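Worksheet: the structure to be examined is printed underneath.
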Amino acid sequence: MTAAHKKEKIRAPRNRTLDIGENEVETLRSKLVTDDGYADLSDVRNKVICGDAFSVLERLPNASVDLLFADPPYNLTKSFGAEKFSERSSDEYEAWLDSWLRLCLPLLKPTASVYICGDWRSSAAIQRAGSRHFTLRNRITWEREKGRGAKANWKNSAEDIWYFTFSDEFIFNLDAVKQRRRVIAPYRENGEPKDWAETSIGNFRDTHPSNIWTDISVPFWSMPENTDHPTQKPEKLLAKITLASTKDGDMILDPFAGSGTTAVVAKKLDRDFVAIESDEQFCLLAQKRLDLADTERSIQGFSDGVFWERNSGQNRER
């Protein structure tokens with residue numbers, strides 16, 4: 001169901017959640033690529049493709065992708081707009097992962113990196129399916145601090161991103177993803193700061209990034225990047241991955257694009273992208289976000305080429 005057929009929601013005055021007005025639908029729809037009528041990547045570069053990933057992936061050109069970022073449905077029964085994914089056994093979920101990963105294999109350059117998102121239920125299957133085709137490099141765990149909690153269980157407040165490479169030749173731009181952290185115990189040598197800097201807003205040190213990310217703010221109602229997508233990934237999260245594993249002009253493929261965070265971050269960071277999403281409403285949201293990125297290039301928590309720890313310096317939620 002598109003925005004044209006839905007009653008527009010009434011938002012609170014300070015709610016900045018992005019939605020689609022009825023008067024915007026046709027203009028946004030005209031910018032999408034539908035799941036037919038294209039032959040090669042030149043037709044879909046920097047485009048949102050409204051179609052089924054299994055059909056689209058088969059028609060993209062070989063050896064064209066530098067970074068594959070995939071945020072597939074986790075192994076849960078959940079609706080994503082018009083689409084619904086049903087929970088299945090771990091073996092069946094692993095087979096489903098393998099079915100679309102095999103379609104991605106010929107699209108990747110030898111130097112490509114691969115990131116696949118999951119939760120605690122799906123992580124084991126992702127590790128097995130990914131390791132079948134790629135070299136496993138790491139598992140990133142990021143704090144997803146949102147929701148009120150569980151009544152009879154530990155609250156789920158973290159998710160995983162499995163990091164693979166296609167070969168032993170790959171890009172990792174360490175200096176581009178260092179984190180600026182507040183210095184708790186400022187050590188001095190000969191009266192001068194040692195490996196940290198004094199600033200008007202505090203003492204900070206640029207540290208090597210780890211595989212535990214506690215500086216990510218999940219989009220919420222007062223943030224301009226927020227949408228009604230149920231599993232939207234933050235722009236800061238994608239910015240880290242994009243800057244670590246690509247360079248200017250590289251191609252990023254997202255086969256489960258949702259509301260378009262991967263595409264938006266690619267555009268803001270001067271990368272190319274192909275974004276595939278089956279639900280038209282989410283495609284329209286992605287396209288609107290891309291249009292807004294023509295003039296609004298900022299990324300929450302990333303400024304002046306630096307990733308700030310949460311609620312410090314330039315990383316205060318807006």
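Note on naming: chains are A, B, ... as they come in the structure tokens, residues start from 1 per chain, ligands start from 1 in the order shown.
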
Which neighbours of range 209-211 of chain A fall inside 7 Å, counting only C-alpha atoms, when residues of the same chain fewer than 5 positions from it are skipped, and could you give them as a CSV table (one decimal) with N, CA and C atoms, in the first residue's frame?
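After the write, selection27.csv holds the following:
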chain,number,residue,atom,x,y,z
A,139,ARG,N,33.3,-10.0,14.0
A,139,ARG,CA,31.9,-9.8,14.3
A,139,ARG,C,31.8,-8.5,15.1
A,140,ILE,N,31.0,-7.5,14.5
A,140,ILE,CA,30.8,-6.3,15.2
A,140,ILE,C,29.5,-6.4,16.0
A,141,THR,N,29.5,-6.0,17.3
A,141,THR,CA,28.3,-6.0,18.1
A,141,THR,C,28.0,-4.5,18.4
A,177,VAL,N,38.0,5.9,10.4
A,177,VAL,CA,37.0,5.5,11.4
A,177,VAL,C,37.5,5.5,12.8
A,178,LYS,N,38.5,6.2,13.1
A,178,LYS,CA,38.9,6.3,14.5
A,178,LYS,C,37.8,7.1,15.3
A,179,GLN,N,37.6,6.8,16.6
A,179,GLN,CA,36.6,7.4,17.4
A,179,GLN,C,37.2,8.4,18.3

Report the closest atom pair, with its distance in Å rounded to one decimal, for each residue of range 284-314 of chain A that has an atom no farther than 8 Å from range 17-27 of chain A; count only C-alpha atoms, sort by chain and then rising residue number, and write it as CSV.
residue,atom,partner,partner_atom,distance
A:Leu284,CA,A:Val25,CA,7.2
A:Leu285,CA,A:Ile20,CA,6.8
A:Lys288,CA,A:Ile20,CA,7.9

Find the residues around range 87-101 of chain A up to 8 Å (only C-alpha atoms counted), leave out those fewer than 4 positions away in its own chain, and share them as a count of residues only.
12

Inset, instruction - Taking the chain letters and numbering used in this document, name the residues of range 100-307 of chain A that DSSP puts in helix (DSSP H, G or I), as a PyMOL selection string. - result: chain A and resi 100-107+123-133+174-177+235-245+261-268+280-292

Output file for the residues above (C-alpha atoms, as a tab-separated table (two decimals), in the first residue's frame):
chain	number	residue	atom	x	y	z
A	100	TRP	CA	20.77	-14.89	-2.14
A	101	LEU	CA	24.45	-14.79	-1.18
A	102	ARG	CA	25.16	-17.09	-4.12
A	103	LEU	CA	23.53	-14.54	-6.42
A	104	CYS	CA	25.79	-11.81	-5.01
A	105	LEU	CA	29.04	-13.73	-5.48
A	106	PRO	CA	29.62	-12.98	-9.18
A	107	LEU	CA	28.79	-9.30	-8.62
A	123	SER	CA	23.95	-14.84	13.95
A	124	ALA	CA	25.08	-18.47	13.92
A	125	ALA	CA	23.42	-19.08	10.55
A	126	ILE	CA	24.98	-15.88	9.14
A	127	GLN	CA	28.44	-16.96	10.31
A	128	ARG	CA	28.08	-20.37	8.68
A	129	ALA	CA	26.55	-19.12	5.41
A	130	GLY	CA	29.00	-16.25	5.04
A	131	SER	CA	32.05	-18.35	5.89
A	132	ARG	CA	31.08	-20.77	3.15
A	133	HIS	CA	31.83	-18.10	0.53
A	174	LEU	CA	41.77	2.81	9.76
A	175	ASP	CA	42.26	6.56	10.08
A	176	ALA	CA	38.85	7.26	8.56
A	177	VAL	CA	37.00	5.46	11.36
A	235	GLU	CA	23.25	6.65	9.20
A	236	LYS	CA	26.24	6.76	11.55
A	237	LEU	CA	26.47	2.96	11.52
A	238	LEU	CA	26.56	2.88	7.72
A	239	ALA	CA	29.03	5.77	7.62
A	240	LYS	CA	31.52	3.76	9.67
A	241	ILE	CA	31.24	0.74	7.40
A	242	THR	CA	31.34	2.83	4.22
A	243	LEU	CA	34.41	4.83	5.19
A	244	ALA	CA	36.25	1.77	6.52
A	245	SER	CA	35.76	-0.44	3.48
A	261	THR	CA	20.02	4.36	4.79
A	262	THR	CA	22.84	2.70	2.82
A	263	ALA	CA	22.02	4.68	-0.30
A	264	VAL	CA	21.70	7.98	1.58
A	265	VAL	CA	25.04	7.53	3.34
A	266	ALA	CA	26.71	6.51	0.08
A	267	LYS	CA	25.47	9.71	-1.53
A	268	LYS	CA	26.58	11.88	1.39
A	280	GLU	CA	7.15	0.51	-2.74
A	281	GLN	CA	6.37	2.62	0.32
A	282	PHE	CA	9.90	2.12	1.63
A	283	CYS	CA	11.30	2.81	-1.85
A	284	LEU	CA	9.47	6.14	-1.85
A	285	LEU	CA	10.90	6.98	1.58
A	286	ALA	CA	14.39	6.07	0.35
A	287	GLN	CA	13.99	8.31	-2.69
A	288	LYS	CA	12.74	11.22	-0.58
A	289	ARG	CA	15.74	10.84	1.73
A	290	LEU	CA	18.05	10.81	-1.29
A	291	ASP	CA	16.46	14.00	-2.60
A	292	LEU	CA	16.92	15.67	0.78

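When CA of Lys151 in chain A is paired with CA of Asp119 in chain A, their separation reads 19.3 Å.
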
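Compared by their closest atoms to Leu253 in chain A, and using only C-alpha atoms, the residues A:Ser113, A:Ser222, A:Ser157, A:Ser217 rank with A:Ser113 nearest.
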
May I have the residues within 9 Å of Asp195 in chain A as a ChimeraX atom specification, using only C-alpha atoms and disregarding those fewer than 4 positions away in the same chain? /A:187-188,205-206

Need the shell around Pro255 in chain A: protein/DNA/RNA residues with any atom at most 10 Å away, counting only C-alpha atoms. Skip same-chain ones fewer than 5 positions apart. Format as JSON, numbers by chain?
{"A": [49, 51, 52, 53, 54, 56, 57, 68, 69, 70, 71, 72, 100, 101, 104, 274, 275, 276, 277, 278]}

Residue subset to file, keeping N, CA and C atoms, as a PDB file, in the first residue's frame:
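Contents of selection-v7.pdb, as written:
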ATOM      1  N   ILE A  49      15.914   0.513  -6.759  1.00  0.00           N
ATOM      2  CA  ILE A  49      15.182  -0.440  -7.592  1.00  0.00           C
ATOM      3  C   ILE A  49      14.051  -1.025  -6.763  1.00  0.00           C
ATOM      4  N   GLY A  51      11.839  -3.797  -6.456  1.00  0.00           N
ATOM      5  CA  GLY A  51      11.695  -5.137  -6.994  1.00  0.00           C
ATOM      6  C   GLY A  51      12.230  -6.177  -6.035  1.00  0.00           C
ATOM      7  N   ASP A  52      12.094  -7.417  -6.408  1.00  0.00           N
ATOM      8  CA  ASP A  52      12.525  -8.545  -5.592  1.00  0.00           C
ATOM      9  C   ASP A  52      14.024  -8.771  -5.772  1.00  0.00           C
ATOM     10  N   ALA A  53      14.763  -8.873  -4.656  1.00  0.00           N
ATOM     11  CA  ALA A  53      16.215  -9.011  -4.727  1.00  0.00           C
ATOM     12  C   ALA A  53      16.631 -10.221  -5.546  1.00  0.00           C
ATOM     13  N   PHE A  54      15.911 -11.336  -5.420  1.00  0.00           N
ATOM     14  CA  PHE A  54      16.305 -12.553  -6.127  1.00  0.00           C
ATOM     15  C   PHE A  54      16.226 -12.362  -7.640  1.00  0.00           C
ATOM     16  N   VAL A  56      16.358  -9.223  -9.199  1.00  0.00           N
ATOM     17  CA  VAL A  56      17.248  -8.134  -9.608  1.00  0.00           C
ATOM     18  C   VAL A  56      18.707  -8.575  -9.607  1.00  0.00           C
ATOM     19  N   LEU A  57      19.137  -9.279  -8.575  1.00  0.00           N
ATOM     20  CA  LEU A  57      20.554  -9.652  -8.452  1.00  0.00           C
ATOM     21  C   LEU A  57      21.037 -10.457  -9.651  1.00  0.00           C
ATOM     22  N   LEU A  68      29.340  -5.006  -0.234  1.00  0.00           N
ATOM     23  CA  LEU A  68      27.997  -5.556  -0.081  1.00  0.00           C
ATOM     24  C   LEU A  68      27.581  -5.348   1.368  1.00  0.00           C
ATOM     25  N   PHE A  69      26.531  -4.563   1.575  1.00  0.00           N
ATOM     26  CA  PHE A  69      25.950  -4.411   2.903  1.00  0.00           C
ATOM     27  C   PHE A  69      24.555  -5.003   2.854  1.00  0.00           C
ATOM     28  N   ALA A  70      24.290  -5.979   3.702  1.00  0.00           N
ATOM     29  CA  ALA A  70      22.997  -6.662   3.687  1.00  0.00           C
ATOM     30  C   ALA A  70      22.381  -6.649   5.075  1.00  0.00           C
ATOM     31  N   ASP A  71      21.165  -6.141   5.136  1.00  0.00           N
ATOM     32  CA  ASP A  71      20.378  -6.157   6.368  1.00  0.00           C
ATOM     33  C   ASP A  71      19.116  -6.972   6.087  1.00  0.00           C
ATOM     34  N   PRO A  72      19.276  -8.297   5.962  1.00  0.00           N
ATOM     35  CA  PRO A  72      18.141  -9.141   5.577  1.00  0.00           C
ATOM     36  C   PRO A  72      17.164  -9.301   6.730  1.00  0.00           C
ATOM     37  N   TRP A 100      20.519 -16.195  -1.549  1.00  0.00           N
ATOM     38  CA  TRP A 100      20.773 -14.885  -2.144  1.00  0.00           C
ATOM     39  C   TRP A 100      22.258 -14.503  -2.119  1.00  0.00           C
ATOM     40  N   LEU A 101      23.004 -15.039  -1.164  1.00  0.00           N
ATOM     41  CA  LEU A 101      24.446 -14.790  -1.179  1.00  0.00           C
ATOM     42  C   LEU A 101      25.088 -15.358  -2.440  1.00  0.00           C
ATOM     43  N   CYS A 104      24.910 -12.973  -5.166  1.00  0.00           N
ATOM     44  CA  CYS A 104      25.794 -11.815  -5.010  1.00  0.00           C
ATOM     45  C   CYS A 104      27.236 -12.124  -5.389  1.00  0.00           C
ATOM     46  N   VAL A 274      23.703   0.830  -5.477  1.00  0.00           N
ATOM     47  CA  VAL A 274      22.507   0.209  -6.035  1.00  0.00           C
ATOM     48  C   VAL A 274      21.708  -0.306  -4.844  1.00  0.00           C
ATOM     49  N   ALA A 275      20.481   0.169  -4.706  1.00  0.00           N
ATOM     50  CA  ALA A 275      19.634  -0.199  -3.574  1.00  0.00           C
ATOM     51  C   ALA A 275      18.407  -0.936  -4.085  1.00  0.00           C
ATOM     52  N   ILE A 276      18.153  -2.119  -3.531  1.00  0.00           N
ATOM     53  CA  ILE A 276      17.023  -2.954  -3.952  1.00  0.00           C
ATOM     54  C   ILE A 276      16.056  -3.095  -2.785  1.00  0.00           C
ATOM     55  N   GLU A 277      14.786  -2.834  -3.039  1.00  0.00           N
ATOM     56  CA  GLU A 277      13.760  -2.955  -1.988  1.00  0.00           C
ATOM     57  C   GLU A 277      12.443  -3.350  -2.645  1.00  0.00           C
ATOM     58  N   SER A 278      11.761  -4.322  -2.043  1.00  0.00           N
ATOM     59  CA  SER A 278      10.544  -4.857  -2.656  1.00  0.00           C
ATOM     60  C   SER A 278       9.291  -4.054  -2.316  1.00  0.00           C
TER      61      SER A 278
END

What's around Glu145 in chain A at 12 Å? Count only C-alpha atoms, leave out sequence neighbours fewer than 2 positions away in its own chain, and write the answer as a ChimeraX atom specification. /A:142-143,147-149,155-159,213-220,310

I need the residues in range 71-311 of chain A that are strand (DSSP E) according to DSSP; give them as an NGL selection string. :A and (78-80 or 83-85 or 108-118 or 135-143 or 158-165 or 179-182 or 188-189 or 192-193 or 197-199 or 202-207 or 212-213 or 251-254 or 272-277 or 302-303 or 306-308)

For the residues selected in the previous step, produce a file with C-alpha atoms as an mmCIF file, in the first residue's frame.
data_model
loop_
_atom_site.group_PDB
_atom_site.id
_atom_site.type_symbol
_atom_site.label_atom_id
_atom_site.label_comp_id
_atom_site.auth_asym_id
_atom_site.auth_seq_id
_atom_site.Cartn_x
_atom_site.Cartn_y
_atom_site.Cartn_z
ATOM 1 C CA LYS A 78 7.741 -9.966 11.144
ATOM 2 C CA SER A 79 6.008 -7.708 8.643
ATOM 3 C CA PHE A 80 7.975 -5.175 6.602
ATOM 4 C CA GLU A 83 6.129 -8.006 2.885
ATOM 5 C CA LYS A 84 6.171 -10.621 5.654
ATOM 6 C CA PHE A 85 8.989 -12.909 6.728
ATOM 7 C CA LEU A 108 31.681 -8.708 -6.201
ATOM 8 C CA LYS A 109 35.118 -7.458 -7.099
ATOM 9 C CA PRO A 110 38.040 -9.538 -5.760
ATOM 10 C CA THR A 111 38.774 -6.754 -3.237
ATOM 11 C CA ALA A 112 35.158 -6.467 -2.005
ATOM 12 C CA SER A 113 34.059 -6.418 1.623
ATOM 13 C CA VAL A 114 30.812 -7.920 2.910
ATOM 14 C CA TYR A 115 28.791 -6.936 5.987
ATOM 15 C CA ILE A 116 25.682 -8.899 7.038
ATOM 16 C CA CYS A 117 23.409 -7.823 9.888
ATOM 17 C CA GLY A 118 21.702 -10.150 12.342
ATOM 18 C CA THR A 135 36.864 -14.982 4.669
ATOM 19 C CA LEU A 136 35.470 -14.118 8.085
ATOM 20 C CA ARG A 137 37.245 -11.086 9.567
ATOM 21 C CA ASN A 138 35.225 -10.096 12.603
ATOM 22 C CA ARG A 139 31.869 -9.788 14.313
ATOM 23 C CA ILE A 140 30.780 -6.277 15.231
ATOM 24 C CA THR A 141 28.310 -5.957 18.086
ATOM 25 C CA TRP A 142 26.507 -2.641 18.320
ATOM 26 C CA GLU A 143 24.350 -1.368 21.148
ATOM 27 C CA ALA A 158 22.511 -5.390 20.864
ATOM 28 C CA GLU A 159 22.763 -6.655 17.316
ATOM 29 C CA ASP A 160 25.591 -8.154 15.270
ATOM 30 C CA ILE A 161 27.184 -7.304 11.958
ATOM 31 C CA TRP A 162 29.355 -10.050 10.496
ATOM 32 C CA TYR A 163 32.327 -8.709 8.551
ATOM 33 C CA PHE A 164 33.782 -10.766 5.682
ATOM 34 C CA THR A 165 36.079 -10.120 2.734
ATOM 35 C CA GLN A 179 36.575 7.395 17.355
ATOM 36 C CA ARG A 180 36.998 10.610 19.310
ATOM 37 C CA ARG A 181 36.489 9.703 22.965
ATOM 38 C CA ARG A 182 36.508 11.743 26.127
ATOM 39 C CA ARG A 188 50.716 14.513 30.768
ATOM 40 C CA GLU A 189 54.378 14.265 29.829
ATOM 41 C CA GLU A 192 51.910 18.521 27.833
ATOM 42 C CA PRO A 193 48.995 16.238 26.921
ATOM 43 C CA ALA A 197 44.077 17.104 22.987
ATOM 44 C CA GLU A 198 42.627 19.857 25.143
ATOM 45 C CA THR A 199 39.651 21.637 23.573
ATOM 46 C CA GLY A 202 36.690 18.902 26.849
ATOM 47 C CA ASN A 203 39.676 16.575 26.589
ATOM 48 C CA PHE A 204 39.551 14.019 23.771
ATOM 49 C CA ARG A 205 41.633 11.267 22.208
ATOM 50 C CA ASP A 206 41.206 9.631 18.782
ATOM 51 C CA THR A 207 41.138 5.885 19.434
ATOM 52 C CA ILE A 212 31.982 -3.144 20.163
ATOM 53 C CA TRP A 213 30.025 -0.056 19.113
ATOM 54 C CA MET A 251 30.053 0.909 -5.641
ATOM 55 C CA ILE A 252 27.918 -0.273 -2.714
ATOM 56 C CA LEU A 253 25.162 -2.849 -3.115
ATOM 57 C CA ASP A 254 22.284 -3.179 -0.649
ATOM 58 C CA ASP A 272 27.884 5.059 -5.750
ATOM 59 C CA PHE A 273 25.133 2.630 -4.833
ATOM 60 C CA VAL A 274 22.507 0.209 -6.035
ATOM 61 C CA ALA A 275 19.634 -0.199 -3.574
ATOM 62 C CA ILE A 276 17.023 -2.954 -3.952
ATOM 63 C CA GLU A 277 13.760 -2.955 -1.988
ATOM 64 C CA PHE A 302 29.984 12.346 12.443
ATOM 65 C CA SER A 303 31.416 15.808 11.869
ATOM 66 C CA VAL A 306 35.467 12.448 13.089
ATOM 67 C CA PHE A 307 33.182 9.899 14.749
ATOM 68 C CA TRP A 308 32.296 11.183 18.214
#

Nearest to Ala257 in chain A, restricted to only C-alpha atoms and choosing among A:Ser86, A:Leu269, A:Ile201, A:Cys50, comes out as A:Cys50

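Picture a line from CA of Leu60 in chain A to CA of Lys31 in chain A; it runs 18.9 Å.
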
- Skip Val33 in chain A itself and residues of its chain fewer than 3 positions away, then list as a VMD selection string all residues within 9 Å of it, counting only C-alpha atoms. chain A and resid 29 to 30 36 to 38 43 to 44 47 to 51

For C-alpha atoms, I'd like the residues from the last selection saved as an mmCIF file, in the first residue's frame.
data_model
loop_
_atom_site.group_PDB
_atom_site.id
_atom_site.type_symbol
_atom_site.label_atom_id
_atom_site.label_comp_id
_atom_site.auth_asym_id
_atom_site.auth_seq_id
_atom_site.Cartn_x
_atom_site.Cartn_y
_atom_site.Cartn_z
ATOM 1 C CA ARG A 29 7.734 7.084 -7.976
ATOM 2 C CA SER A 30 8.949 8.446 -11.318
ATOM 3 C CA ASP A 36 12.150 -4.748 -15.452
ATOM 4 C CA GLY A 37 13.476 -2.900 -18.449
ATOM 5 C CA TYR A 38 17.147 -2.458 -17.571
ATOM 6 C CA ASP A 43 20.919 2.027 -15.928
ATOM 7 C CA VAL A 44 20.644 1.640 -12.165
ATOM 8 C CA LYS A 47 19.097 4.327 -8.187
ATOM 9 C CA VAL A 48 16.545 2.691 -5.926
ATOM 10 C CA ILE A 49 15.182 -0.440 -7.592
ATOM 11 C CA CYS A 50 11.677 -1.391 -6.552
ATOM 12 C CA GLY A 51 11.695 -5.137 -6.994
#
